[in-house]
file query_1.cif (mmCIF, C-alpha atoms)
data_input
#
loop_
_atom_site.label_atom_id
_atom_site.label_comp_id
_atom_site.auth_asym_id
_atom_site.auth_seq_id
_atom_site.Cartn_x
_atom_site.Cartn_y
_atom_site.Cartn_z
CA MET U 1 7.52 -29.20 2.05
CA GLY U 2 8.92 -32.28 3.73
CA LYS U 3 8.57 -33.28 7.34
CA LYS U 4 11.95 -31.77 8.18
CA GLY U 5 10.92 -28.41 6.64
CA LYS U 6 7.66 -28.35 8.59
CA LEU U 7 9.45 -29.04 11.84
CA LYS U 8 11.95 -26.28 11.09
CA GLY U 9 9.14 -23.78 10.40
CA LYS U 10 7.35 -24.75 13.59
CA ALA U 11 10.52 -24.34 15.59
CA SER U 12 11.06 -20.86 14.14
CA ALA U 13 7.57 -19.79 15.14
CA THR U 14 8.07 -21.14 18.63
CA GLN U 15 11.40 -19.38 18.97
CA ALA U 16 10.03 -16.03 17.74
CA THR U 17 7.16 -16.09 20.24
CA ALA U 18 9.12 -17.50 23.13
CA GLY U 19 9.71 -14.05 24.63
CA PHE U 20 6.03 -13.12 24.54
CA ASN U 21 4.16 -13.36 27.81
CA ALA U 22 0.50 -12.35 27.67
CA ASP U 23 0.53 -11.73 31.41
CA THR U 24 2.79 -8.72 30.93
CA LEU U 25 -0.01 -6.98 29.02
CA LEU U 26 -2.63 -7.66 31.69
CA PRO U 27 -3.36 -5.31 34.59
CA ARG U 28 -2.44 -6.19 38.15
CA HIS U 29 -5.06 -6.52 40.85
CA GLY U 30 -4.90 -4.26 43.87
CA ARG U 31 -4.35 -6.12 47.12
CA PHE U 32 -7.36 -4.74 48.95
CA SER U 33 -9.54 -3.60 46.08
CA ASP U 34 -11.26 -4.86 42.97
CA ARG U 35 -9.70 -1.94 41.07
CA TYR U 36 -6.57 -2.42 38.98
CA TYR U 37 -3.25 -0.66 39.00
CA PRO U 38 -2.24 0.82 35.63
CA SER U 39 -1.11 -1.80 33.13
CA SER U 40 1.70 -1.68 30.60
CA GLN U 41 -0.94 -0.73 28.03
CA LEU U 42 -0.31 2.88 29.02
CA ASP U 43 3.34 2.71 27.91
CA ASP U 44 4.79 2.20 24.46
CA LEU U 45 6.75 -1.02 24.05
CA PRO U 46 10.48 -0.33 23.55
CA GLY U 47 12.04 -1.05 20.20
CA VAL U 48 8.79 -1.69 18.33
CA ALA U 49 8.22 0.12 15.03
CA SER U 50 10.41 3.11 15.88
CA PRO U 51 9.98 5.89 13.31
CA GLU U 52 12.80 6.59 10.95
CA PRO U 53 14.77 9.74 11.78
CA ALA U 54 13.27 12.26 9.40
CA ALA U 55 11.95 15.75 9.92
CA GLU U 56 8.27 16.32 9.23
CA GLN U 57 7.71 18.17 6.01
CA ALA U 58 4.72 20.49 5.87
CA SER U 59 3.20 21.87 2.72
CA SER U 60 2.26 25.53 2.31
CA ASN U 61 -1.13 24.99 3.97
CA GLY U 62 0.38 23.39 7.07
CA LYS U 63 -0.72 19.85 6.17
CA LEU U 64 1.81 17.03 6.11
CA ASP U 65 3.69 16.82 2.83
CA ARG U 66 2.19 14.17 0.57
CA LYS U 67 5.48 12.56 -0.50
CA PHE U 68 6.68 12.27 3.08
CA TYR U 69 3.25 10.91 4.08
CA GLU U 70 3.20 8.26 1.38
CA LYS U 71 6.73 7.12 2.18
CA GLU U 72 6.05 6.86 5.91
CA LEU U 73 2.69 5.17 5.33
CA SER U 74 4.38 2.53 3.17
CA ARG U 75 6.91 1.85 5.93
CA LEU U 76 4.23 1.56 8.61
CA GLN U 77 2.06 -0.70 6.47
CA GLU U 78 5.03 -3.03 6.06
CA GLU U 79 5.26 -3.14 9.86
CA LEU U 80 1.53 -3.94 10.05
CA VAL U 81 2.11 -6.97 7.83
CA LYS U 82 4.92 -8.13 10.13
CA MET U 83 2.61 -7.65 13.09
CA GLN U 84 -0.11 -9.77 11.50
CA TYR U 85 2.28 -12.64 10.82
CA TRP U 86 3.25 -12.56 14.49
CA VAL U 87 -0.37 -12.30 15.68
CA LYS U 88 -1.27 -15.42 13.72
CA ALA U 89 1.78 -17.39 14.87
CA SER U 90 1.43 -16.46 18.54
CA GLY U 91 -2.36 -16.79 18.84
CA PHE U 92 -2.64 -13.15 19.88
CA ARG U 93 -6.13 -11.60 20.02
CA LEU U 94 -6.56 -7.91 19.25
CA ILE U 95 -9.59 -5.62 19.22
CA VAL U 96 -9.26 -2.04 18.01
CA LEU U 97 -12.13 0.44 18.44
CA PHE U 98 -12.45 3.56 16.32
CA GLU U 99 -14.78 6.20 17.72
CA GLY U 100 -15.09 9.94 17.27
CA ARG U 101 -17.10 12.67 15.70
CA ASP U 102 -18.66 12.36 12.27
CA ALA U 103 -16.17 13.09 9.45
CA ALA U 104 -13.25 12.85 11.88
CA GLY U 105 -11.32 10.46 9.63
CA LYS U 106 -12.01 7.10 11.26
CA GLY U 107 -12.90 5.34 8.01
CA GLY U 108 -9.82 6.62 6.18
CA THR U 109 -7.53 5.41 8.94
CA ILE U 110 -9.22 2.01 9.09
CA LYS U 111 -8.74 1.70 5.33
CA ARG U 112 -5.00 2.40 5.63
CA VAL U 113 -4.64 -0.09 8.48
CA THR U 114 -6.43 -2.93 6.72
CA GLU U 115 -5.19 -2.22 3.18
CA PRO U 116 -2.03 -4.38 3.37
CA LEU U 117 -3.39 -7.04 5.72
CA ASN U 118 -4.75 -10.50 4.98
CA PRO U 119 -8.55 -10.21 5.31
CA ARG U 120 -8.73 -13.79 6.58
CA GLY U 121 -7.02 -12.67 9.77
CA CYS U 122 -8.19 -9.08 10.04
CA ARG U 123 -11.78 -8.00 9.63
CA VAL U 124 -13.73 -4.77 10.07
CA VAL U 125 -17.03 -4.79 11.96
CA ALA U 126 -19.41 -1.91 11.25
CA LEU U 127 -22.82 -2.86 12.62
CA GLY U 128 -25.98 -1.10 11.55
CA THR U 129 -29.11 -0.30 13.49
CA PRO U 130 -30.03 -3.20 15.80
CA SER U 131 -32.93 -5.39 14.72
CA ASP U 132 -36.06 -5.89 16.80
CA GLN U 133 -34.61 -9.16 18.10
CA GLU U 134 -31.25 -7.57 18.94
CA ARG U 135 -32.98 -4.86 20.94
CA THR U 136 -34.22 -7.55 23.32
CA GLN U 137 -30.73 -9.01 23.85
CA TRP U 138 -28.08 -8.09 26.39
CA TYR U 139 -26.69 -4.84 25.03
CA PHE U 140 -23.16 -6.15 24.37
CA GLN U 141 -24.36 -9.44 22.86
CA ARG U 142 -24.35 -8.49 19.19
CA TYR U 143 -20.79 -7.22 19.49
CA VAL U 144 -19.42 -10.26 21.34
CA GLU U 145 -20.18 -12.61 18.46
CA HIS U 146 -17.65 -10.71 16.34
CA PHE U 147 -14.78 -10.98 18.83
CA PRO U 148 -11.49 -12.48 17.62
CA ALA U 149 -10.34 -16.06 17.96
CA ALA U 150 -6.64 -16.85 18.42
CA GLY U 151 -4.51 -15.18 15.77
CA GLU U 152 -7.15 -12.68 14.68
CA ILE U 153 -7.51 -8.89 14.59
CA VAL U 154 -10.95 -7.28 14.75
CA ILE U 155 -11.48 -3.58 14.06
CA PHE U 156 -14.74 -1.96 15.13
CA ASP U 157 -15.83 1.03 13.05
CA ARG U 158 -17.94 2.39 15.90
CA SER U 159 -18.83 -0.02 18.65
CA TRP U 160 -20.77 -0.50 21.87
CA TYR U 161 -19.99 3.14 22.62
CA ASN U 162 -22.93 4.11 20.42
CA ARG U 163 -24.95 3.98 23.61
CA ALA U 164 -22.85 6.64 25.33
CA GLY U 165 -22.75 8.82 22.21
CA VAL U 166 -25.37 8.95 19.51
CA GLU U 167 -28.00 6.97 21.41
CA ARG U 168 -27.72 9.27 24.40
CA VAL U 169 -27.71 12.53 22.44
CA MET U 170 -30.46 11.54 20.01
CA GLY U 171 -32.67 10.02 22.71
CA PHE U 172 -32.46 6.43 21.42
CA CYS U 173 -31.90 5.03 24.92
CA THR U 174 -33.46 5.71 28.29
CA PRO U 175 -31.58 7.32 31.21
CA ALA U 176 -31.74 3.96 33.00
CA GLN U 177 -30.14 2.19 30.03
CA LEU U 178 -27.40 4.82 29.92
CA ARG U 179 -26.65 4.44 33.63
CA GLU U 180 -26.50 0.66 33.23
CA PHE U 181 -24.04 1.05 30.34
CA GLU U 182 -21.81 3.40 32.31
CA GLN U 183 -21.66 0.89 35.13
CA SER U 184 -21.36 -2.27 33.03
CA CYS U 185 -18.96 -1.14 30.30
CA PRO U 186 -15.80 -0.84 32.44
CA GLU U 187 -16.41 -4.28 33.97
CA PHE U 188 -17.15 -5.73 30.54
CA GLU U 189 -13.85 -4.43 29.20
CA ARG U 190 -11.90 -5.60 32.24
CA MET U 191 -13.31 -9.05 31.62
CA LEU U 192 -12.04 -8.94 28.02
CA VAL U 193 -8.56 -7.90 29.14
CA ARG U 194 -8.44 -10.60 31.83
CA SER U 195 -9.30 -13.18 29.18
CA GLY U 196 -6.16 -12.20 27.24
CA ILE U 197 -7.64 -9.88 24.61
CA VAL U 198 -5.77 -6.64 24.00
CA LEU U 199 -8.28 -3.80 23.60
CA LEU U 200 -7.19 -0.51 22.02
CA LYS U 201 -9.66 2.38 21.96
CA TYR U 202 -9.11 5.40 19.70
CA TRP U 203 -11.11 8.63 19.76
CA PHE U 204 -10.71 10.81 16.68
CA SER U 205 -11.01 14.47 17.61
CA VAL U 206 -11.77 17.11 14.99
CA SER U 207 -12.57 20.81 15.30
CA ASP U 208 -16.00 22.11 14.35
CA GLU U 209 -14.47 24.20 11.55
CA GLU U 210 -12.72 21.18 10.01
CA GLN U 211 -15.82 19.02 10.38
CA GLU U 212 -17.88 21.66 8.59
CA ALA U 213 -15.35 21.79 5.74
CA ARG U 214 -15.45 17.99 5.37
CA PHE U 215 -19.24 17.96 5.37
CA ARG U 216 -19.27 20.50 2.55
CA SER U 217 -16.69 18.54 0.55
CA ARG U 218 -18.91 15.47 0.81
CA ILE U 219 -21.87 17.44 -0.51
CA ASP U 220 -19.83 18.64 -3.49
CA ASP U 221 -18.45 15.17 -4.34
CA PRO U 222 -21.11 12.76 -5.69
CA THR U 223 -18.88 9.75 -4.99
CA ARG U 224 -18.68 10.64 -1.27
CA ARG U 225 -22.16 12.04 -0.73
CA TRP U 226 -23.36 8.73 0.72
CA LYS U 227 -21.12 9.41 3.73
CA LEU U 228 -23.32 12.33 4.76
CA SER U 229 -26.38 10.87 6.49
CA PRO U 230 -29.37 12.68 8.03
CA MET U 231 -27.87 11.76 11.41
CA ASP U 232 -24.68 13.62 10.49
CA LEU U 233 -26.67 16.75 9.66
CA GLU U 234 -28.53 16.49 12.94
CA SER U 235 -25.26 16.22 14.83
CA ARG U 236 -24.19 19.65 13.52
CA ASP U 237 -26.83 21.27 15.69
CA ARG U 238 -25.85 19.24 18.75
CA TRP U 239 -22.11 19.84 18.88
CA GLU U 240 -22.09 20.75 22.55
CA ASP U 241 -24.38 17.84 23.45
CA PHE U 242 -21.95 15.42 21.83
CA SER U 243 -19.06 17.13 23.62
CA ARG U 244 -20.75 16.63 27.00
CA ALA U 245 -21.57 13.01 26.13
CA LYS U 246 -17.94 12.34 25.16
CA ASP U 247 -16.63 13.92 28.36
CA GLU U 248 -18.95 11.84 30.53
CA MET U 249 -18.15 8.69 28.53
CA PHE U 250 -14.44 9.22 29.15
CA ALA U 251 -15.08 9.83 32.84
CA HIS U 252 -16.70 6.39 33.20
CA THR U 253 -14.73 4.28 30.71
CA ASN U 254 -11.19 5.68 30.57
CA ILE U 255 -9.82 2.85 32.68
CA PRO U 256 -6.15 1.78 32.99
CA GLU U 257 -6.89 -1.66 31.56
CA ALA U 258 -8.37 -0.14 28.38
CA PRO U 259 -7.63 3.58 28.24
CA TRP U 260 -8.84 5.97 25.58
CA PHE U 261 -6.23 7.33 23.17
CA THR U 262 -7.20 10.59 21.47
CA VAL U 263 -6.05 11.22 17.90
CA GLN U 264 -5.87 14.85 16.81
CA ALA U 265 -7.45 14.52 13.37
CA ASP U 266 -7.69 17.95 11.76
CA ASP U 267 -4.84 16.82 9.48
CA LYS U 268 -5.88 13.44 8.08
CA ARG U 269 -2.38 12.44 7.01
CA ARG U 270 -0.83 13.10 10.40
CA ALA U 271 -3.77 11.40 12.14
CA ARG U 272 -3.36 8.22 10.09
CA LEU U 273 0.40 7.98 10.63
CA ASN U 274 0.16 8.78 14.34
CA CYS U 275 -2.59 6.22 14.92
CA ILE U 276 -0.83 3.41 13.04
CA GLN U 277 2.48 4.17 14.74
CA HIS U 278 0.75 4.12 18.14
CA LEU U 279 -1.06 0.87 17.41
CA LEU U 280 2.20 -0.82 16.45
CA SER U 281 3.85 0.42 19.63
CA LYS U 282 1.28 -1.44 21.74
CA ILE U 283 1.86 -4.89 20.22
CA PRO U 284 5.02 -6.88 21.17
CA TYR U 285 5.40 -8.36 17.71
CA GLN U 286 8.52 -9.71 16.05
CA ASP U 287 9.30 -9.98 12.36
CA MET U 288 8.03 -13.37 11.23
CA THR U 289 7.71 -12.58 7.54
CA PRO U 290 8.30 -15.82 5.61
CA PRO U 291 11.18 -15.90 3.11
CA ALA U 292 10.48 -15.20 -0.53
CA VAL U 293 9.21 -18.20 -2.48
CA LYS U 294 11.19 -19.40 -5.50
CA LEU U 295 8.96 -20.27 -8.42
CA PRO U 296 10.05 -23.47 -10.18
CA PRO U 297 9.85 -23.67 -13.99
CA ARG U 298 6.33 -24.23 -15.24
CA LYS U 299 5.70 -27.77 -16.42
CA ALA U 300 4.92 -28.18 -20.08
CA ALA U 301 1.26 -28.74 -21.01
CA LYS U 302 0.35 -32.26 -22.00
CA GLY U 303 -2.39 -32.60 -24.55
CA TYR U 304 -4.50 -29.57 -23.50
CA ALA U 305 -6.33 -27.78 -26.31
CA ARG U 306 -7.97 -24.42 -25.57
CA PRO U 307 -11.61 -24.10 -26.72
CA PRO U 308 -12.29 -21.84 -29.72
CA MET U 309 -12.34 -18.13 -28.82
CA ASN U 310 -15.70 -17.61 -30.54
CA GLU U 311 -17.36 -19.93 -28.02
CA GLN U 312 -16.69 -17.50 -25.11
CA PHE U 313 -18.20 -14.18 -24.09
CA PHE U 314 -15.72 -11.38 -23.44
CA VAL U 315 -16.05 -8.00 -21.79
CA PRO U 316 -15.75 -5.35 -24.52
CA ASN U 317 -12.50 -3.37 -24.52
CA ARG U 318 -13.66 0.24 -24.16
CA TYR U 319 -10.13 1.54 -23.62
CA PRO U 320 -8.05 0.43 -26.64
#

call {"tool": "encode", "arguments": {"input": "query_1.cif", "output": "structure tokens"}}
result
Amino acid sequence: MGKKGKLKGKASATQATAGFNADTLLPRHGRFSDRYYPSSQLDDLPGVASPEPAAEQASSNGKLDRKFYEKELSRLQEELVKMQYWVKASGFRLIVLFEGRDAAGKGGTIKRVTEPLNPRGCRVVALGTPSDQERTQWYFQRYVEHFPAAGEIVIFDRSWYNRAGVERVMGFCTPAQLREFEQSCPEFERMLVRSGIVLLKYWFSVSDEEQEARFRSRIDDPTRRWKLSPMDLESRDRWEDFSRAKDEMFAHTNIPEAPWFTVQADDKRRARLNCIQHLLSKIPYQDMTPPAVKLPPRKAAKGYARPPMNEQFFVPNRYP
């Protein structure tokens, strides 16, 4: 591409992001208080990724029809690609948290979100048990190092909310540590929002009957059995404890700057579509998909001779 083409592309990117003002996504300070008035994060952005006019089609068991689901998922994934082009061009920074009960469908939704996206600009963070060194750090420290730079999307498959959920219920943290988290977490998230990061928090809600059915399906399927951990089995006996922990977590951290959005997830297909549609409605993206590239004719080879086939090792063809 020549200098004129580069300048034209740069101008297009500037023009497409000219209407974006990060300040419109940030909360407003109260005049006499350190609290914030509700931000625009609580409202869907007009004209962004509006669903096509089509009636939902349910199968005989009440679940969303597969053909309708696949068609709508394809449309929404195309919108996700458009969003990522805009995120990169505008320097937008996005964090999406996925929390919820075990077997609520978080992983399946994350897979559908990231499937069409460029992994160089969108990554999933799923941290394991903290190391001995990490236990001595500031609680949020090991999460901060994964935060996005300009033009990046970071998805947390579980997050710092482990402290308010599994750590609390299973006794992995002290009451003092829990109280500190409940006090610090809202201020921590307000700091992120003030810095220009958009933080979306999703809670996947599933009934105990549906969770039980999904646990049993994992036991019966050897390829999915790894998803059922001893911690998952323990959680079955502490359903009410987790419910109380979730309610208290919401009471402390459901703030206007970074509210919780609950996804009804008994129907996985509906949950995935609803979550993706909602995510798109929170980002003021514009279509910046580059035009299709025209492939020029391949140049003729000049003097190249391929090595003999018998000098290479090949994978056997087991499916002739």

call {"tool": "closest_residue", "arguments": {"input": "query_1.cif", "among": "U:Lys302, U:Arg318, U:Lys268, U:Arg218", "to": "U:Ile110", "atoms": "all atoms listed in the file"}}
result
U:Lys268

call {"tool": "resolve_selection", "arguments": {"input": "query_1.cif", "expression": "the PyMOL selection byres ((chain U and resi 184-192) around 9)", "output": "ChimeraX atom specification"}}
result
/U:27,140,160-161,179-183,193-199,252-255,257-258

call {"tool": "residues_around", "arguments": {"input": "query_1.cif", "residues": "stretch 145-157 of chain U", "least_positions_apart": "2", "cutoff": "9 Å", "atoms": "only C-alpha atoms", "output": "number ranges by chain"}}
result
U: 84-99, 106-107, 110, 114, 120-127, 141-143, 159, 197

call {"tool": "atom_distance", "arguments": {"input": "query_1.cif", "atom1": "atom CA of U:His278", "atom2": "atom CA of U:Gln211"}}
result
23.6 Å

call {"tool": "atom_distance", "arguments": {"input": "query_1.cif", "atom1": "atom CA of U:Glu79", "atom2": "atom CA of U:Arg269"}}
result
17.6 Å

call {"tool": "atom_distance", "arguments": {"input": "query_1.cif", "atom1": "atom CA of U:Phe204", "atom2": "atom CA of U:Val263"}}
result
4.8 Å

call {"tool": "closest_residue", "arguments": {"input": "query_1.cif", "among": "U:Ser281, U:Thr223, U:Asn274, U:Ser205", "to": "U:Ser243", "atoms": "all atoms listed in the file"}}
result
U:Ser205

call {"tool": "closest_residue", "arguments": {"input": "query_1.cif", "among": "U:Lys63, U:Pro284, U:Leu80, U:Ser74", "to": "U:Asp44", "atoms": "all atoms listed in the file"}}
result
U:Pro284

call {"tool": "closest_residue", "arguments": {"input": "query_1.cif", "among": "U:Thr174, U:Leu76, U:Phe313, U:Trp203", "to": "U:Glu115", "atoms": "only C-alpha atoms"}}
result
U:Leu76

call {"tool": "closest_residue", "arguments": {"input": "query_1.cif", "among": "U:Ala164, U:Leu73, U:Leu117, U:Val144", "to": "U:Lys246", "atoms": "all atoms listed in the file"}}
result
U:Ala164

call {"tool": "closest_residue", "arguments": {"input": "query_1.cif", "among": "U:Glu70, U:Glu78, U:Asp208, U:Asp65", "to": "U:Ala265", "atoms": "only C-alpha atoms"}}
result
U:Asp208
